[in-house]
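First the structure, in the form of C-alpha cells, and then the observations on it.
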Amino acid sequence: MKVPPRRLRIALLGTRGVPATYGGFETAIEEIGRRLVERGHEVTVYCRRNGKPELSEHLGMKLVFLPALHHRVLETLSHTACSVLHATLHSRPDVAFVFNAANAPFVPLLRARGIPTAVHVDGLEWKRDKWGGMARRYYRWAEQFSVLQADALIADAQGIADYYQQEFDIPTELITYGTHILTDTALDKLATQGLESGKFHLVVARFEPENHVDVIIRGFLASQAALPLVVVGSAPYALEHTRQIKELAGSDARVRLMGAVWDQELLDQLYAHAATYLHGHSVGGTNPSLLRAMGAGTAAIAWDVVFNREVLGAASTCFRDPATLANLIEAAERSPENTQTVGRDLQSRARELYDWDKVTLAYEALAVRLQAGYSTHGMSQGRTTDPAGDRPEALQRGPSPIHIRGSES
C-alpha cells in the first residue's frame, strides 16, 4: 500500500476498547487500529475498565483504560466523557474518531481544542425496542447534534447513508466493515461442545428484541428440522427478554443455549461449521456477525431489512416471521449441497467487498483530509482548505461517499 503522506496521532473512542471480545465497534477498532499502526500512525484506543489486567499496548495501539458507570444508559456516555477529557487535556491527537452517535454531546469539546472529529453514527439506535421513550428521544436528538457538530459522519451501510441524506441533507463517508476469510477451520473446540461440522444451525446475537432471537427460536420450533439450533448470546440488561428466550428454548431439546462465548477460536469454528447462520438483526447497518458468517463460508438466512439485503446481495434469503423461517430451515436441510453452494457464494462476496485493508485506507484518507482542514461545515476551527482541491463543492456539501463495496444493493 502507498505510504501515508505524514504520521498522524489518531484517537479512537466511544467503545469498550480492545482487545476485541464484545461487538462490532470493538472488532472494527482492533482491525483498523492495528493497520493504521502498521502504516506508521500513532493510534490511541480508549478502553473501559472491566476488572481484568490492563494492557498499555495491544497490536501496536496505545491503550488508555478509564472508568464507566455500570448503568444501561450511562455506561457509554460516562466513559466517553472521561475519554474526551483525557484526549483534550493529555494526548491531544491530530484527529479523533468517535464511535456511536450517542456520544455526540462530547464532540464540541474535542473540536474546541482544535481536534477535528468524525462520528461513526452506527445504526438507528432510536428504533431499538430496548430503549424507553426518554432514551429514544435522546438518540434522535444525538443524531441531529452529530450532524451539527461533527466534521464528518461515517455510515457503514448505504441505508444509513441514505437516511442521513434524506433526514438531514448531509452527506456521509460510506465505509463498511471488513471480515476474515476462514478456510480449513479446525474442529477441535467444536468437538468439545459435542457438535459436528455441518450438523447444526447457528444464532449469534445479544438478546435484545430488535435482534429477534425469540422469533428465530419460534421459527425453528415450528420446523421439522433434524439438526439442532445452537444459540450464542446473552444480554446484561434485558432480563425479561432473556427469560422469554430461555423459556422458549427449554420447550424443545433441539435448542441449545450456549450463553456468551468469548473464545474467538471457538466462535470461528461455530461460524465455519454451521449448516446455516440465522441472523435476526434488524436495526443496525452492516452487521459484523453477518459478515463473519459470510467470511466463514456459511449460508445465511437473515431478517428482511435493507441493511441485510445490501450485505448479502443476490444470494440473500430473508424472513420476517416464524413460518417463513421454518420453511427456509427445512429447505436448507433438504438440499445441503445447495446450502453449501450459497455459503461459498457468500464467502466470495465477502472476499471481494469486505476487506479490512480497504476499510483502513478509507479511514486513513478521511483522517488526512480532516487534519488538513476538511469539514462538512465548510470551516472547522479556522481550517478552511479541502485537500481534495479538485472538488470545489466539497466545502459546501461535504465529501462524496467512499464506496468500499460494489454498487449492488
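A note on labels: chains of the C-alpha cells are A, B, ... as shown, every chain counts residues from 1, and ligands are counted from 1 in their shown order.
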
If DSSP is run on the backbone, what residues of segment 126-288 of chain A are helix (DSSP H, G or I)? A reply as a PyMOL selection string would be ideal. chain A and resi 126-127+133-149+158-168+188-192+209-211+213-222+239-249+264-273+288

List the spatial neighbours of segment 100-109 of chain A as a list in words - criterion: any atom at most 8 Å away, only C-alpha atoms, same-chain residues fewer than 2 positions off excluded. Gly14, Thr15, Thr76, Leu77, Thr80, Ala81, Val84, Thr88, Val98, Arg111, Ala112, Arg113, Thr117, Val119, His120, Val121, Asp122, Tyr138, Tyr139, Ala142, Glu143, Phe145, Ser146, Gln149 and Ala150 of chain A

Can you pull out the residues contacting segment 287-298 of chain A? Cut-off 8 Å, using only C-alpha atoms, and skip same-chain residues under 6 positions away; I want them as a PyMOL selection string.
chain A and resi 23-24+177-183+204-205+268+271-277+279+281+308+311+340+342-347+349-351+354

Could you turn the residues from that selection into a file that holds N, CA and C atoms, as a CSV table (one decimal), in the first residue's frame?
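Result written to out_27.csv:
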```csv
chain,number,residue,atom,x,y,z
A,23,GLY,N,-18.2,-6.6,20.5
A,23,GLY,CA,-19.1,-6.3,19.5
A,23,GLY,C,-18.4,-5.8,18.2
A,24,GLY,N,-19.2,-5.2,17.3
A,24,GLY,CA,-18.8,-4.8,16.0
A,24,GLY,C,-17.8,-3.6,16.1
A,177,TYR,N,-17.6,-2.4,7.2
A,177,TYR,CA,-16.7,-3.2,8.0
A,177,TYR,C,-16.0,-4.2,7.0
A,178,GLY,N,-15.0,-4.9,7.6
A,178,GLY,CA,-14.4,-6.0,6.9
A,178,GLY,C,-14.7,-7.3,7.6
A,179,THR,N,-14.1,-8.3,7.1
A,179,THR,CA,-14.2,-9.6,7.8
A,179,THR,C,-13.0,-10.5,7.4
A,180,HIS,N,-12.8,-11.6,8.1
A,180,HIS,CA,-11.8,-12.5,7.8
A,180,HIS,C,-12.3,-13.7,7.0
A,181,ILE,N,-11.6,-14.2,6.0
A,181,ILE,CA,-12.0,-15.3,5.3
A,181,ILE,C,-11.4,-16.6,5.9
A,182,LEU,N,-12.3,-17.5,6.3
A,182,LEU,CA,-11.9,-18.7,7.1
A,182,LEU,C,-11.9,-19.9,6.1
A,183,THR,N,-10.7,-20.6,6.1
A,183,THR,CA,-10.6,-21.8,5.3
A,183,THR,C,-10.0,-22.9,6.1
A,204,VAL,N,-26.0,-16.1,16.6
A,204,VAL,CA,-25.1,-15.4,17.5
A,204,VAL,C,-25.6,-14.0,17.6
A,205,ALA,N,-26.1,-13.6,18.8
A,205,ALA,CA,-26.7,-12.3,18.9
A,205,ALA,C,-26.9,-11.9,20.4
A,268,ASP,N,-15.1,-18.9,15.8
A,268,ASP,CA,-14.7,-19.2,14.4
A,268,ASP,C,-15.2,-20.6,13.9
A,271,TYR,N,-19.0,-20.6,13.5
A,271,TYR,CA,-19.4,-20.0,12.3
A,271,TYR,C,-19.1,-20.8,11.1
A,272,ALA,N,-17.9,-21.4,11.1
A,272,ALA,CA,-17.4,-22.1,9.9
A,272,ALA,C,-18.1,-23.4,9.7
A,273,HIS,N,-18.5,-24.1,10.7
A,273,HIS,CA,-19.1,-25.4,10.6
A,273,HIS,C,-20.6,-25.5,10.8
A,274,ALA,N,-21.3,-24.4,10.9
A,274,ALA,CA,-22.7,-24.4,11.0
A,274,ALA,C,-23.3,-24.8,9.6
A,275,ALA,N,-24.4,-25.4,9.6
A,275,ALA,CA,-25.2,-25.7,8.4
A,275,ALA,C,-25.7,-24.4,7.8
A,276,THR,N,-26.3,-23.6,8.7
A,276,THR,CA,-26.8,-22.2,8.3
A,276,THR,C,-26.5,-21.3,9.5
A,277,TYR,N,-26.4,-20.0,9.2
A,277,TYR,CA,-26.4,-19.0,10.2
A,277,TYR,C,-27.7,-18.2,10.1
A,279,HIS,N,-29.8,-15.0,11.2
A,279,HIS,CA,-29.5,-13.6,11.6
A,279,HIS,C,-30.7,-12.8,11.7
A,281,HIS,N,-30.9,-9.6,13.2
A,281,HIS,CA,-30.7,-8.2,13.5
A,281,HIS,C,-31.4,-7.3,12.5
A,308,ASN,N,-29.5,-5.9,5.6
A,308,ASN,CA,-29.1,-7.3,5.4
A,308,ASN,C,-29.1,-7.7,4.0
A,311,VAL,N,-26.0,-6.3,2.3
A,311,VAL,CA,-24.8,-7.1,2.6
A,311,VAL,C,-24.8,-8.4,1.8
A,340,GLN,N,-24.6,-25.4,0.8
A,340,GLN,CA,-23.2,-25.2,0.8
A,340,GLN,C,-22.7,-24.3,-0.3
A,342,VAL,N,-24.5,-21.8,-1.6
A,342,VAL,CA,-24.8,-20.5,-1.2
A,342,VAL,C,-23.8,-19.9,-0.2
A,343,GLY,N,-23.3,-20.8,0.7
A,343,GLY,CA,-22.2,-20.4,1.6
A,343,GLY,C,-21.0,-20.0,0.9
A,344,ARG,N,-20.6,-20.8,-0.1
A,344,ARG,CA,-19.4,-20.4,-0.9
A,344,ARG,C,-19.6,-19.1,-1.7
A,345,ASP,N,-20.8,-18.9,-2.2
A,345,ASP,CA,-21.0,-17.7,-2.9
A,345,ASP,C,-20.9,-16.5,-2.0
A,346,LEU,N,-21.4,-16.6,-0.8
A,346,LEU,CA,-21.4,-15.5,0.2
A,346,LEU,C,-19.9,-15.3,0.6
A,347,GLN,N,-19.1,-16.3,0.7
A,347,GLN,CA,-17.7,-16.1,1.1
A,347,GLN,C,-17.0,-15.4,0.0
A,349,ARG,N,-18.3,-13.2,-2.0
A,349,ARG,CA,-18.7,-11.8,-1.9
A,349,ARG,C,-18.0,-11.1,-0.8
A,350,ALA,N,-17.9,-11.8,0.3
A,350,ALA,CA,-17.1,-11.2,1.5
A,350,ALA,C,-15.7,-10.9,1.1
A,351,ARG,N,-15.1,-11.9,0.4
A,351,ARG,CA,-13.6,-11.7,0.0
A,351,ARG,C,-13.5,-10.5,-0.9
A,354,TYR,N,-15.6,-7.0,1.4
A,354,TYR,CA,-15.5,-6.6,2.9
A,354,TYR,C,-14.0,-6.9,3.3
```

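Among the candidates A:Leu74, A:Ala28, A:Ala20, A:Leu13, the one nearest to Ala87 of chain A when counting only C-alpha atoms is A:Leu13.
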
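Distances from A:Ile29, A:Trp303, A:Ala365, A:Leu12 to Thr317 of chain A were compared using only C-alpha atoms, and the smallest one belongs to A:Trp303.
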
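Here the question is which of A:Leu190, A:Cys318, A:Arg9, A:Leu153 gets nearest to His377 of chain A using only C-alpha atoms, and that residue is A:Leu153.
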
Excluding same-chain residues fewer than 2 positions from segment 40-55 of chain A, what lies within 8 Å of it counting only C-alpha atoms, as a tab-separated table (two decimals) with N, CA and C atoms, in the first residue's frame?
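Result written to around36.tsv:
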```tsv
chain	number	residue	atom	x	y	z
A	4	PRO	N	1.57	6.65	3.71
A	4	PRO	CA	0.76	7.83	4.02
A	4	PRO	C	1.61	9.10	3.94
A	7	ARG	N	2.75	11.12	9.37
A	7	ARG	CA	2.33	10.35	10.53
A	7	ARG	C	1.32	11.16	11.33
A	8	LEU	N	0.17	10.54	11.64
A	8	LEU	CA	-0.86	11.20	12.40
A	8	LEU	C	-1.03	10.54	13.76
A	9	ARG	N	-1.43	11.34	14.74
A	9	ARG	CA	-1.83	10.82	16.05
A	9	ARG	C	-3.35	10.73	16.05
A	10	ILE	N	-3.87	9.50	16.10
A	10	ILE	CA	-5.29	9.24	15.92
A	10	ILE	C	-5.88	8.63	17.18
A	11	ALA	N	-6.98	9.19	17.65
A	11	ALA	CA	-7.67	8.65	18.83
A	11	ALA	C	-8.95	7.96	18.38
A	12	LEU	N	-9.20	6.78	18.95
A	12	LEU	CA	-10.41	6.00	18.69
A	12	LEU	C	-11.14	5.86	20.02
A	13	LEU	N	-12.34	6.42	20.12
A	13	LEU	CA	-13.02	6.41	21.41
A	13	LEU	C	-14.53	6.25	21.25
A	14	GLY	N	-15.17	5.90	22.39
A	14	GLY	CA	-16.62	5.72	22.39
A	14	GLY	C	-17.06	4.27	22.48
A	15	THR	N	-16.11	3.33	22.60
A	15	THR	CA	-16.44	1.90	22.65
A	15	THR	C	-15.87	1.27	23.92
A	16	ARG	N	-16.02	-0.05	24.03
A	16	ARG	CA	-15.43	-0.77	25.16
A	16	ARG	C	-13.93	-0.92	24.99
A	17	GLY	N	-13.43	-0.74	23.79
A	17	GLY	CA	-11.99	-0.82	23.55
A	17	GLY	C	-11.52	-2.18	23.11
A	18	VAL	N	-10.23	-2.39	23.19
A	18	VAL	CA	-9.60	-3.63	22.74
A	18	VAL	C	-8.77	-4.20	23.90
A	29	ILE	N	-12.38	-1.38	15.56
A	29	ILE	CA	-11.26	-0.62	16.11
A	29	ILE	C	-9.98	-1.45	16.12
A	33	GLY	N	-7.32	-0.09	13.74
A	33	GLY	CA	-6.24	0.50	14.52
A	33	GLY	C	-4.90	-0.18	14.28
A	36	LEU	N	-3.59	0.88	10.92
A	36	LEU	CA	-3.10	2.25	10.92
A	36	LEU	C	-1.72	2.33	11.57
A	37	VAL	N	-1.51	1.54	12.62
A	37	VAL	CA	-0.18	1.49	13.24
A	37	VAL	C	0.84	0.94	12.25
A	38	GLU	N	0.49	-0.11	11.55
A	38	GLU	CA	1.39	-0.70	10.56
A	38	GLU	C	1.74	0.30	9.46
A	57	GLU	N	-0.53	-1.56	25.81
A	57	GLU	CA	-0.43	-1.60	24.35
A	57	GLU	C	-1.05	-2.89	23.83
A	58	HIS	N	-1.63	-2.83	22.65
A	58	HIS	CA	-2.20	-4.02	22.02
A	58	HIS	C	-2.05	-3.88	20.51
A	60	GLY	N	0.30	-2.83	18.82
A	60	GLY	CA	0.91	-1.56	18.46
A	60	GLY	C	0.10	-0.35	18.84
A	61	MET	N	-1.16	-0.53	19.23
A	61	MET	CA	-2.02	0.58	19.64
A	61	MET	C	-1.80	0.90	21.12
A	62	LYS	N	-1.73	2.18	21.45
A	62	LYS	CA	-1.66	2.59	22.85
A	62	LYS	C	-3.05	2.50	23.47
A	63	LEU	N	-3.14	1.94	24.67
A	63	LEU	CA	-4.42	1.78	25.34
A	63	LEU	C	-4.50	2.67	26.57
A	64	VAL	N	-5.64	3.34	26.73
A	64	VAL	CA	-5.91	4.14	27.91
A	64	VAL	C	-7.19	3.60	28.53
A	65	PHE	N	-7.08	3.06	29.74
A	65	PHE	CA	-8.24	2.50	30.45
A	65	PHE	C	-8.81	3.53	31.40
A	66	LEU	N	-10.12	3.76	31.28
A	66	LEU	CA	-10.80	4.74	32.12
A	66	LEU	C	-12.10	4.15	32.64
A	67	PRO	N	-12.64	4.70	33.74
A	67	PRO	CA	-13.84	4.11	34.35
A	67	PRO	C	-15.11	4.45	33.57
A	68	ALA	N	-16.19	3.74	33.93
A	68	ALA	CA	-17.52	3.99	33.38
A	68	ALA	C	-18.54	3.60	34.43
A	79	HIS	N	-18.17	6.85	30.12
A	79	HIS	CA	-16.81	6.50	29.69
A	79	HIS	C	-16.32	7.45	28.61
A	83	SER	N	-13.02	9.81	28.44
A	83	SER	CA	-12.10	9.67	27.32
A	83	SER	C	-11.83	11.01	26.64
```

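Shortest atom-to-atom contact with Asp188 of chain A among A:Ala323, A:Arg309, A:Leu267, A:Phe97: A:Leu267, counting only C-alpha atoms.
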
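Closest approach to Thr324 of chain A from the set A:Arg35, A:Arg218, A:Arg369, A:His71 is made by A:Arg218, with distances taken over only C-alpha atoms.
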
Q.
Neighbouring residues of Ile115 of chain A were defined as those with any atom within 8 Å, considering only C-alpha atoms; residues of the same chain fewer than 3 positions away were excluded. Please report them as an NGL selection string.
A. :A and (92-96 or 110-112)
